[in-house]
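> For reference, the structure I am asking about is given below.
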Amino acid sequence: MGSDPAVVASEARILPDSSTLQRKWARARLTGLMNLIQPSFRTDGTILDEDAIRIDVRAAIAHGFSGTMPMPNWTLPGTANWDHFHRIVCDEARGKIAVHGTIFGRDVEADRDVLKGLERHGVDLVLLASTFPRGVDSRALHDLIAARVQATALPVMLYAATGRRAFAALGPEGQPLDVYDRIADMPNVVGVKVSQTVSEAATVELCRRLGNRLSIGPVNLDFLPQLARRFHIAWSGQWNAEAIQTPADRAGIRLLEASACGDFDQLDALAQRLQPVLVHFFAVQAPVLAKGAHPWPHNRYYQWLGGGNGGLLPADPHAPKGAIPVLDAAGRTAIRTAFAAAGLQPVDAQDDDQFIVGRAAWSRGERPGAKLQASGYSRE
């Protein structure tokens, strides 16, 4: 009796190590999709809207996501709002969904202080997105990363990216493979998030060098059908995963499940079905990432279509001027059209005025007014 080719192929794939406590956690919990949560604010743009943030956490749970990460661009470490934002997310998530924290500073001691705060709040994993000096050599980069990893017992995830988080002299597309190869031997380093702008060739090389120890999570899911045939890819996360599924139709999660178990027929069928939303998300996101920002208004609209709070955000203080596109009527129509082409039905999201103020504020009776003038939105 012959063997099932899919099963044989699945068993032959490179699997990440699970010999440490943190890597055992990663094997069990880095699965499916994980999203981001941006803070929501009251009308003054400075006071956090706790009801709205809790709606976003509950929406992530309804999606079936295996993790969520508070995005702190508007609530910087060391401020009361950073602490308050993480407290709300962790409180609402506790026992229902893992919470991922992030460190992104330039200074080792400052990042260590943030790690202590994340541990205090009870996060489950840390994304290491620190900014390192330009022109850093491989020895110094290793030491800077290791100093942060060694400052916590939490599972730590590396961030393979381009732009200011790439190192041109240290590897293909700036991916410091030799450094990551050494860091991958540290027992609490468990995975690598691979940014959407990293090419397929560089992603394959990351998988080849690190995949026997670390769990690799590519954001660009167009690569998944080919990657999954060589490597065990079980998750993708810390991006706007609401762009490719809804709580009632967890097609994105099923895509990753098919990848993880080596069901390539199902994987290929789901990849083909989701192509409209994957292509559209890439078209919206990648050019903005290349400018050093994220299309936050568009990302919020995706989340609102999937049952999240929505609501306009203050301007991202870290984004280069002009990098973030305005969410206009054509942009909103394009998102809805991609959803329809993939067979996805938005969640109770018929009135864009509700998106402008957010579900929590809408339920309190607020309606668009001066807030319509907020950065990043146009009716036309």
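How things are named: the first chain in the structure tokens is A, the next is B, and so on; residues count from 1 in each chain; ligands count from 1 in the order shown.
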List as a VMD selection string the protein and nucleic acid residues near Lys96 in chain A, meaning an atom at most 12 Å away when only C-alpha atoms are counted, but skip any in the same chain fewer than 4 places from it.
chain A and resid 57 to 68 89 to 92
> Convert the current residue selection to file output with C-alpha atoms, as a compact mmCIF listing (two decimals), in the first residue's frame.

# COMPACT_ATOMS: atom_id res chain seq x y z
CA VAL A 57 -9.43 42.59 21.76
CA ARG A 58 -12.79 40.81 21.68
CA ALA A 59 -12.80 41.04 17.88
CA ALA A 60 -9.36 39.39 17.74
CA ILE A 61 -10.70 36.58 19.93
CA ALA A 62 -13.78 36.22 17.70
CA HIS A 63 -11.49 35.88 14.67
CA GLY A 64 -9.78 32.93 16.33
CA PHE A 65 -6.40 34.64 16.27
CA SER A 66 -3.77 32.96 18.43
CA GLY A 67 -2.14 36.22 19.47
CA THR A 68 -2.50 39.99 19.42
CA VAL A 89 -5.28 44.74 26.36
CA CYS A 90 -3.77 42.21 28.77
CA ASP A 91 -6.78 42.37 31.09
CA GLU A 92 -9.29 41.76 28.29
> What are the DSSP strand (DSSP E or B) residues of range 2-162 of chain A, as a count of residues only?
28
> Set out as CSV a contact list for range 52-130 of chain A and range 302-323 of chain A with a cut-off of 6 Å, giving each residue of range 52-130 of chain A that qualifies its closest atom pair and distance in Å to one decimal, counting only C-alpha atoms, ordered by chain and rising residue number.

residue,atom,partner,partner_atom,distance
A:Ala52,CA,A:Asn309,CA,5.7
A:Ile55,CA,A:Asn309,CA,5.8
A:Asp56,CA,A:Gly308,CA,4.8
A:Ala59,CA,A:Gly308,CA,5.4
> List the spatial neighbours of Ile37 in chain A as a ChimeraX atom specification - criterion: any atom at most 6 Å away, only C-alpha atoms, same-chain residues fewer than 6 positions off excluded.
/A:69-71
> For Asn299 in chain A, find every residue with an atom within 9 Å (counting only C-alpha atoms), except residues of its own chain fewer than 5 positions away, and show them as a PDB file with N, CA and C atoms, in the first residue's frame.

ATOM      1  N   ASN A 240      -2.075  43.230   9.929  1.00  0.00           N
ATOM      2  CA  ASN A 240      -3.536  43.350   9.861  1.00  0.00           C
ATOM      3  C   ASN A 240      -4.160  42.119   9.219  1.00  0.00           C
ATOM      4  N   GLU A 242      -6.878  40.885   9.668  1.00  0.00           N
ATOM      5  CA  GLU A 242      -8.297  41.084   9.336  1.00  0.00           C
ATOM      6  C   GLU A 242      -8.486  41.384   7.857  1.00  0.00           C
ATOM      7  N   ALA A 243      -7.398  41.632   7.126  1.00  0.00           N
ATOM      8  CA  ALA A 243      -7.490  41.923   5.692  1.00  0.00           C
ATOM      9  C   ALA A 243      -7.837  40.695   4.872  1.00  0.00           C
ATOM     10  N   GLN A 285      -0.253  48.008   1.320  1.00  0.00           N
ATOM     11  CA  GLN A 285       0.705  48.028   2.430  1.00  0.00           C
ATOM     12  C   GLN A 285       2.154  48.219   1.991  1.00  0.00           C
ATOM     13  N   HIS A 294       3.061  52.808   7.928  1.00  0.00           N
ATOM     14  CA  HIS A 294       1.975  51.862   7.676  1.00  0.00           C
ATOM     15  C   HIS A 294       0.737  52.655   7.253  1.00  0.00           C
ATOM     16  N   TRP A 304     -12.297  47.219  11.146  1.00  0.00           N
ATOM     17  CA  TRP A 304     -13.714  47.544  11.362  1.00  0.00           C
ATOM     18  C   TRP A 304     -14.610  46.615  10.557  1.00  0.00           C
TER      19      TRP A 304
END
> Of the residues A:Ile335, A:Ser199, A:Ala248, A:Ala360, which is the one nearest to Pro172 in chain A, using only C-alpha atoms?
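With only C-alpha atoms as the atom set, the closest residue is A:Ser199.
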> Tell me, in Å to one decimal, how far CA of Gln196 in chain A is from CA of Gln226 in chain A.
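Atom-to-atom, CA of Gln196 in chain A and CA of Gln226 in chain A are spaced 15.7 Å apart.
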> Within range 18-258 of chain A, find each residue whose DSSP state, derived from the backbone, is alpha helix (DSSP H), and express the selection as a PyMOL selection string.
chain A and resi 21-29+50-63+80-93+108-121+138-149+177-183+200-210+224-227+251-258
> Of the residues A:Val114, A:Leu177, A:Ala228, A:Leu344, which is the one nearest to Ala160 in chain A, using only C-alpha atoms?
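Ranking A:Val114, A:Leu177, A:Ala228, A:Leu344 by distance to Ala160 in chain A, first place goes to A:Leu177.
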> Interatomic distance between CA of Asp181 in chain A and CA of Pro133 in chain A?
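Straight-line distance from CA of Asp181 in chain A to CA of Pro133 in chain A works out to 20.0 Å.
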> Please list as JSON, numbers by chain every residue within 8 Å of Pro39 in chain A, counting only C-alpha atoms and excluding residues in the same chain fewer than 5 positions away.
{"A": [48, 49, 53, 70, 71, 72, 74, 75, 85]}
> Which is closer to Pro297 in chain A than all the others in A:Ser378, A:Asn188, A:Thr131, A:Gln345, using only C-alpha atoms?
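So, comparing all the options, the nearest one is A:Ser378.
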> Mind giving me the straight-line distance from CA of Val156 in chain A to CA of His298 in chain A in Å, one decimal?
28.8 Å
> Show which residues sit within 10 Å of Leu270 in chain A, as a list in words. Count only C-alpha atoms, and ignore same-chain residues fewer than 4 positions away.
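Skipping anything fewer than 4 positions along the chain leaves Pro225, Ala251, Gly252, Arg254, Leu255, Leu256, Ala258, Phe264, Asp265, Gln266, Leu274, Gln275 and Ala342 of chain A.
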> Residues near Ile356 in chain A, anyone? I mean within 12 Å using only C-alpha atoms, not counting same-chain ones fewer than 6 positions away, as a ChimeraX atom specification.
/A:40,43,297-298,300-301,304,309-313,327-328,349,362,366-379
> Write to file, as a JSON list (two decimals), in the first residue's frame, the residues of the selection just made, with N, CA and C atoms.

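What follows is the written file selection-v2.json:
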[["chain", "number", "residue", "atom", "x", "y", "z"],
["A", 40, "SER", "N", -7.22, 53.24, 20.66],
["A", 40, "SER", "CA", -8.31, 54.14, 20.30],
["A", 40, "SER", "C", -8.37, 55.25, 21.35],
["A", 43, "THR", "N", -12.41, 61.83, 21.92],
["A", 43, "THR", "CA", -12.43, 62.87, 20.89],
["A", 43, "THR", "C", -11.26, 63.84, 20.98],
["A", 297, "PRO", "N", -5.02, 54.28, 8.37],
["A", 297, "PRO", "CA", -6.47, 54.40, 8.13],
["A", 297, "PRO", "C", -7.04, 53.19, 7.39],
["A", 298, "HIS", "N", -6.31, 52.69, 6.40],
["A", 298, "HIS", "CA", -6.75, 51.51, 5.67],
["A", 298, "HIS", "C", -6.79, 50.29, 6.59],
["A", 300, "ARG", "N", -7.18, 50.24, 9.79],
["A", 300, "ARG", "CA", -8.32, 50.37, 10.71],
["A", 300, "ARG", "C", -9.63, 50.00, 10.01],
["A", 301, "TYR", "N", -9.73, 50.34, 8.74],
["A", 301, "TYR", "CA", -10.95, 50.02, 7.99],
["A", 301, "TYR", "C", -11.10, 48.50, 7.84],
["A", 304, "TRP", "N", -12.30, 47.22, 11.15],
["A", 304, "TRP", "CA", -13.71, 47.54, 11.36],
["A", 304, "TRP", "C", -14.61, 46.62, 10.56],
["A", 309, "ASN", "N", -13.25, 47.91, 16.38],
["A", 309, "ASN", "CA", -13.83, 49.20, 16.73],
["A", 309, "ASN", "C", -13.82, 50.19, 15.58],
["A", 310, "GLY", "N", -12.72, 50.21, 14.80],
["A", 310, "GLY", "CA", -12.56, 51.27, 13.82],
["A", 310, "GLY", "C", -12.23, 52.58, 14.51],
["A", 311, "GLY", "N", -12.61, 53.69, 13.87],
["A", 311, "GLY", "CA", -12.30, 55.01, 14.43],
["A", 311, "GLY", "C", -11.01, 55.56, 13.86],
["A", 312, "LEU", "N", -10.97, 56.87, 13.67],
["A", 312, "LEU", "CA", -9.79, 57.51, 13.13],
["A", 312, "LEU", "C", -8.73, 57.70, 14.21],
["A", 313, "LEU", "N", -7.49, 57.59, 13.80],
["A", 313, "LEU", "CA", -6.36, 57.75, 14.71],
["A", 313, "LEU", "C", -5.71, 59.12, 14.54],
["A", 327, "LEU", "N", -7.36, 57.59, 3.29],
["A", 327, "LEU", "CA", -8.41, 56.60, 3.03],
["A", 327, "LEU", "C", -9.60, 57.33, 2.43],
["A", 328, "ASP", "N", -9.70, 57.29, 1.11],
["A", 328, "ASP", "CA", -10.79, 57.97, 0.43],
["A", 328, "ASP", "C", -11.86, 56.96, 0.01],
["A", 349, "ALA", "N", -21.05, 46.32, 9.06],
["A", 349, "ALA", "CA", -20.23, 47.48, 8.73],
["A", 349, "ALA", "C", -20.80, 48.17, 7.48],
["A", 362, "TRP", "N", -19.77, 55.40, 18.73],
["A", 362, "TRP", "CA", -21.08, 55.36, 18.06],
["A", 362, "TRP", "C", -22.17, 54.91, 19.04],
["A", 366, "GLU", "N", -22.07, 59.34, 19.71],
["A", 366, "GLU", "CA", -21.22, 60.28, 18.97],
["A", 366, "GLU", "C", -21.39, 60.07, 17.47],
["A", 367, "ARG", "N", -21.31, 61.17, 16.72],
["A", 367, "ARG", "CA", -21.43, 61.13, 15.27],
["A", 367, "ARG", "C", -20.33, 62.00, 14.67],
["A", 368, "PRO", "N", -19.97, 61.77, 13.42],
["A", 368, "PRO", "CA", -18.88, 62.57, 12.83],
["A", 368, "PRO", "C", -19.19, 64.06, 12.87],
["A", 369, "GLY", "N", -18.16, 64.81, 13.18],
["A", 369, "GLY", "CA", -18.27, 66.27, 13.17],
["A", 369, "GLY", "C", -16.89, 66.78, 12.86],
["A", 370, "ALA", "N", -16.29, 67.43, 13.82],
["A", 370, "ALA", "CA", -14.93, 67.90, 13.63],
["A", 370, "ALA", "C", -13.98, 66.73, 13.39],
["A", 371, "LYS", "N", -14.35, 65.54, 13.92],
["A", 371, "LYS", "CA", -13.46, 64.39, 13.79],
["A", 371, "LYS", "C", -13.24, 64.01, 12.33],
["A", 372, "LEU", "N", -14.18, 64.41, 11.46],
["A", 372, "LEU", "CA", -14.03, 64.11, 10.05],
["A", 372, "LEU", "C", -12.78, 64.78, 9.48],
["A", 373, "GLN", "N", -12.32, 65.84, 10.14],
["A", 373, "GLN", "CA", -11.14, 66.53, 9.67],
["A", 373, "GLN", "C", -9.84, 65.85, 10.13],
["A", 374, "ALA", "N", -9.99, 64.77, 10.88],
["A", 374, "ALA", "CA", -8.81, 64.10, 11.40],
["A", 374, "ALA", "C", -7.94, 63.57, 10.25],
["A", 375, "SER", "N", -6.68, 63.36, 10.55],
["A", 375, "SER", "CA", -5.73, 62.91, 9.55],
["A", 375, "SER", "C", -6.14, 61.57, 8.95],
["A", 376, "GLY", "N", -6.08, 61.48, 7.63],
["A", 376, "GLY", "CA", -6.14, 60.18, 6.98],
["A", 376, "GLY", "C", -7.45, 59.73, 6.42],
["A", 377, "TYR", "N", -8.49, 60.58, 6.40],
["A", 377, "TYR", "CA", -9.80, 60.14, 5.92],
["A", 377, "TYR", "C", -10.42, 61.21, 5.03],
["A", 378, "SER", "N", -11.06, 60.74, 3.97],
["A", 378, "SER", "CA", -11.81, 61.64, 3.09],
["A", 378, "SER", "C", -13.11, 60.98, 2.67],
["A", 379, "ARG", "N", -14.20, 61.71, 2.70],
["A", 379, "ARG", "CA", -15.48, 61.15, 2.24],
["A", 379, "ARG", "C", -15.45, 60.89, 0.74]]
> Measuring atom to atom with only C-alpha atoms, identify which of A:Leu214, A:Val194, A:Val357, A:Ala340 is nearest to Gln245 in chain A.
A:Ala340
